[in-house]
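To start, the structure under review is shown below, and the notes come after it.
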Amino acid sequence: MAKTKIEQTIQIIKDQISNKSLIAGSRLPSVRQLAAQLNCSVSTIVEAYARLVAEGILESRLGSGYYVLGKTDEILFVEPETQYQREIDPLWISRQSLEAKNEVLKPGCGWLPTSWMPEHSVRKALKQAAKSDAVMLIDYAIPHGHLELRKLIARKKELYQLKSQLNQIMITDSATQSIDLIFRYLLTAGDVILIDDPCYFNFRALIKAHHLKAVAIPFTKNGPDVEKFEQALRLKPKIYLTNSGIHNPTGTVISLQTVYQISKLVEQTDLMIIEDEIFADFEYTPAPRYASFTGFKHVIQIGSFTKTLSAAVRCGYIIADPKLVESLIDLRIATNFSHSFLNAEIIYQALMDSSYPKHLDWLKKQLLKLTNEMIPKLSRLGIRPWIIPTAGIFLWCTLPKGIQAAELSKLCLKYGVILAPGNSFSQMDEAGQFMRFNVTQCVDKRVFDTLEMAIQQLKTH
């Protein structure tokens, strides 16, 4: 892209400093003098000087002008070394995916490719948000958060036969922040918490960070094992953390019967279910929700807009009993004071854009198409899905006999392919035979070529 006049001016000054035409302490021409020399406007020079001051290259001396600063110590940037042999812990996939360069393939990550996201809607929402009142752009948010976004969330919940009042909804900066707030308010170190096995690896990371005791409930093709769940209730757990709708990593949709049975068990206890609905917008047909059976006496729902709108504009929500929401707001004020009002406005504007429903419809169709295309490609390598999901972005697969997910992941990483080994989602011995694949990140043929080569190498050793 062609440089603007401001950028050209900045480059000229930097070049003069680099070739020693300007040295530390040199006074630069006045803005009018330099504007005349470069045949540009005074405002261009003012902005160029201001940016160079912000970079620490120039300094402005009141009544005297602009001067070249002495050379500051250069900050040494050491590129992080890829840790091929790092233990496959719950944060392994996230660290590798977030730190990876653009050319690295990420079939193990949990998000859509940038090209799949509604960039136009987000840019349009940014422009609309920029025209908002100064209160929206400058001030702190009201304690419950963005009013219109809460109204929109409440309307969306009616699809699940859920009636929620606005004082039951609070806006947060992410689903992860929501869980962290809930953990800090309801739990103390050493408390027992129930999770699915397998489950989203960051659930395990949060549990470890809060020093909680996790009890894993085997997750079947119909949802959590009801018998094991009932047995675990004897340990007096305070929370059951799970995905509602589309399960991560298995892609399973819980059955109505299982939701009913678990709900009945929970109603006789003080247990609170946290339903993470982060993949709700990928559903073709709304799956059963625990909140639809028990209301918000025993259920807290959380979610965000990361998967279908933007991971850069962080925004999430909590829906719970009004008294609990009040307490969570107090905790948030004490620890973080507020959430990003501007982010919530951007998300709201993007959700209200007429193109967003069309985007979701396109996403669902593409996901179904890719899932159907990917299953035979993986099967040719001896990798087979545990179930064939009806929606969502994940395939939870068994590997060929004798191939360990952790070793396959480390080997593929050396060839620029980041996988999601089952060890990150489960502590059971058989988890090493599983791998989670994101179908949207497996379009590149190199993913399958690398898998085939790595599997062959492991078989021969």
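By convention in this document, the chains of the structure tokens carry letters A, B, ... by their order, each chain's residues are numbered from 1, and ligands are numbered from 1 in the order they are shown.
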- Task: Taking the chain letters and numbering used in this document, name the residues of segment 165-376 of chain A that DSSP puts in alpha helix (DSSP H), as a PyMOL selection string.
- Result: chain A and resi 175-186+201-209+226-232+256-266+290-294+322-335+341-352+355-376
- Task: Give the strand (DSSP E or B) residues of segment 287-323 of chain A, as DSSP finds them on the backbone, and put them as a PyMOL selection string.
- Result: chain A and resi 299-304+316-319
- Using only C-alpha atoms, which residue out of A:Phe434, A:Tyr140, A:Phe296, A:Phe337 lies closest to Ile318 of chain A?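 For Ile318 of chain A, the nearest of the candidates is A:Phe296.
Between Asn167 of chain A and the candidates A:Ile387, A:Ser354, A:Ser327, A:Ile375, the tightest atom-to-atom separation, counting only C-alpha atoms, involves A:Ser327.
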- Just the residues within 12 Å of Ser304 of chain A, please, counting only C-alpha atoms, with nothing from its chain fewer than 2 positions along; format it as a PyMOL selection string. chain A and resi 149+153+170-179+276-281+301-302+306-319+343-344+347-348
Skipping near chain neighbours, those fewer than 2 positions away, what residues fall within 7 Å of segment 114-129 of chain A using only C-alpha atoms, listed as a PDB file with N, CA and C atoms, in the first residue's frame?
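And here's selection_36.pdb as it stands now:
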ATOM      1  N   LEU A 112     -12.599 -20.304  14.352  1.00  0.00           N
ATOM      2  CA  LEU A 112     -12.710 -20.303  12.901  1.00  0.00           C
ATOM      3  C   LEU A 112     -11.564 -19.521  12.267  1.00  0.00           C
ATOM      4  N   LYS A 131     -19.767   6.581  16.429  1.00  0.00           N
ATOM      5  CA  LYS A 131     -20.710   7.707  16.385  1.00  0.00           C
ATOM      6  C   LYS A 131     -21.567   7.787  17.653  1.00  0.00           C
ATOM      7  N   SER A 132     -21.322   6.889  18.601  1.00  0.00           N
ATOM      8  CA  SER A 132     -22.121   6.855  19.822  1.00  0.00           C
ATOM      9  C   SER A 132     -21.881   8.090  20.682  1.00  0.00           C
ATOM     10  N   THR A 308     -18.327 -16.701  16.624  1.00  0.00           N
ATOM     11  CA  THR A 308     -19.012 -16.347  15.382  1.00  0.00           C
ATOM     12  C   THR A 308     -18.859 -14.879  14.986  1.00  0.00           C
ATOM     13  N   LEU A 309     -18.324 -14.034  15.874  1.00  0.00           N
ATOM     14  CA  LEU A 309     -18.183 -12.605  15.550  1.00  0.00           C
ATOM     15  C   LEU A 309     -16.726 -12.150  15.571  1.00  0.00           C
ATOM     16  N   GLU A 345     -20.975  -2.495  22.912  1.00  0.00           N
ATOM     17  CA  GLU A 345     -21.690  -1.744  21.873  1.00  0.00           C
ATOM     18  C   GLU A 345     -21.330  -2.253  20.484  1.00  0.00           C
ATOM     19  N   ILE A 346     -20.055  -2.539  20.269  1.00  0.00           N
ATOM     20  CA  ILE A 346     -19.619  -3.065  18.969  1.00  0.00           C
ATOM     21  C   ILE A 346     -20.287  -4.419  18.697  1.00  0.00           C
ATOM     22  N   GLN A 349     -24.036  -3.902  17.908  1.00  0.00           N
ATOM     23  CA  GLN A 349     -24.256  -3.390  16.550  1.00  0.00           C
ATOM     24  C   GLN A 349     -24.020  -4.476  15.499  1.00  0.00           C
ATOM     25  N   ALA A 350     -23.014  -5.307  15.719  1.00  0.00           N
ATOM     26  CA  ALA A 350     -22.733  -6.389  14.764  1.00  0.00           C
ATOM     27  C   ALA A 350     -23.847  -7.434  14.768  1.00  0.00           C
ATOM     28  N   ASP A 353     -26.831  -6.260  12.812  1.00  0.00           N
ATOM     29  CA  ASP A 353     -26.647  -6.077  11.373  1.00  0.00           C
ATOM     30  C   ASP A 353     -27.453  -7.130  10.611  1.00  0.00           C
ATOM     31  N   HIS A 359     -24.943 -14.754   7.702  1.00  0.00           N
ATOM     32  CA  HIS A 359     -23.604 -15.268   8.003  1.00  0.00           C
ATOM     33  C   HIS A 359     -23.697 -16.576   8.790  1.00  0.00           C
TER      34      HIS A 359
END
- Item | Atomic separation - atom CA of Leu331 of chain A relative to atom CA of His247 of chain A, Å | 29.1 Å
Can you pull out every residue within 7 Å of segment 194-204 of chain A, counting only C-alpha atoms, but drop anything in the same chain fewer than 2 positions away, and send it as a PDB file with C-alpha atoms, in the first residue's frame?
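Saved file part-v4.pdb follows:
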ATOM      1  CA  PRO A  90      -4.369 -28.147  29.416  1.00  0.00           C
ATOM      2  CA  LEU A  91      -2.676 -24.980  28.115  1.00  0.00           C
ATOM      3  CA  VAL A 192     -15.077 -30.367  44.812  1.00  0.00           C
ATOM      4  CA  LEU A 206      -9.131 -22.803  35.523  1.00  0.00           C
ATOM      5  CA  ILE A 207      -9.777 -25.554  38.062  1.00  0.00           C
ATOM      6  CA  LYS A 208      -6.034 -25.925  38.592  1.00  0.00           C
ATOM      7  CA  ALA A 214     -12.064 -32.007  40.023  1.00  0.00           C
ATOM      8  CA  VAL A 215     -14.166 -35.160  39.745  1.00  0.00           C
ATOM      9  CA  ALA A 216     -14.486 -36.305  36.135  1.00  0.00           C
ATOM     10  CA  ILE A 217     -17.804 -37.774  34.976  1.00  0.00           C
ATOM     11  CA  PRO A 218     -17.515 -39.976  31.860  1.00  0.00           C
ATOM     12  CA  PHE A 219     -19.239 -38.259  28.947  1.00  0.00           C
ATOM     13  CA  PRO A 224     -22.808 -37.350  31.239  1.00  0.00           C
ATOM     14  CA  PRO A 237     -19.646 -31.013  44.897  1.00  0.00           C
ATOM     15  CA  ILE A 239     -20.504 -26.933  40.869  1.00  0.00           C
ATOM     16  CA  TYR A 240     -20.917 -28.983  37.702  1.00  0.00           C
ATOM     17  CA  LEU A 241     -19.195 -27.233  34.787  1.00  0.00           C
ATOM     18  CA  THR A 242     -20.261 -28.350  31.307  1.00  0.00           C
ATOM     19  CA  ASN A 248     -16.477 -29.564  23.426  1.00  0.00           C
ATOM     20  CA  PRO A 249     -14.498 -31.617  22.427  1.00  0.00           C
ATOM     21  CA  SER A 424      -5.368 -32.146  27.016  1.00  0.00           C
ATOM     22  CA  PHE A 425      -9.069 -32.895  27.452  1.00  0.00           C
ATOM     23  CA  SER A 426      -8.928 -35.901  29.746  1.00  0.00           C
TER      24      SER A 426
END
- Show which residues sit within 7 Å of Leu166 of chain A, as a ChimeraX atom specification. Count only C-alpha atoms, and ignore same-chain residues fewer than 3 positions away. /A:150-151,169
- Query: Could you pull the residues within 10 Å of Val53 of chain A, counting only C-alpha atoms, minus those fewer than 6 positions along the same chain, as a PyMOL selection string?
  - Reply: chain A and resi 47+59-60+66-69
- Query: Which one is closest to Arg446 of chain A: A:His339, A:Ser263, A:Ala334, A:Lys106? Count only C-alpha atoms.
  - Reply: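 Closest to Arg446 of chain A, using only C-alpha atoms: A:Lys106.
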- Min atom-atom distance to Gln161 of chain A from the set A:Thr250, A:Thr294, A:Thr390, A:Gln16, counting only C-alpha atoms, belongs to A:Thr294
- Message: For a quick check of understanding, using only C-alpha atoms, which of A:Ile142, A:Leu186, A:Cys412, A:Ala35 has the smallest distance to Ser338 of chain A?
- Response: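 Answer, going by the shortest atom-to-atom distance: A:Ile142.
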- Message: Between atom CA of Gly245 of chain A and atom CA of Lys358 of chain A, what is the distance in Å, rounded to a tenth?
- Response: 20.8 Å
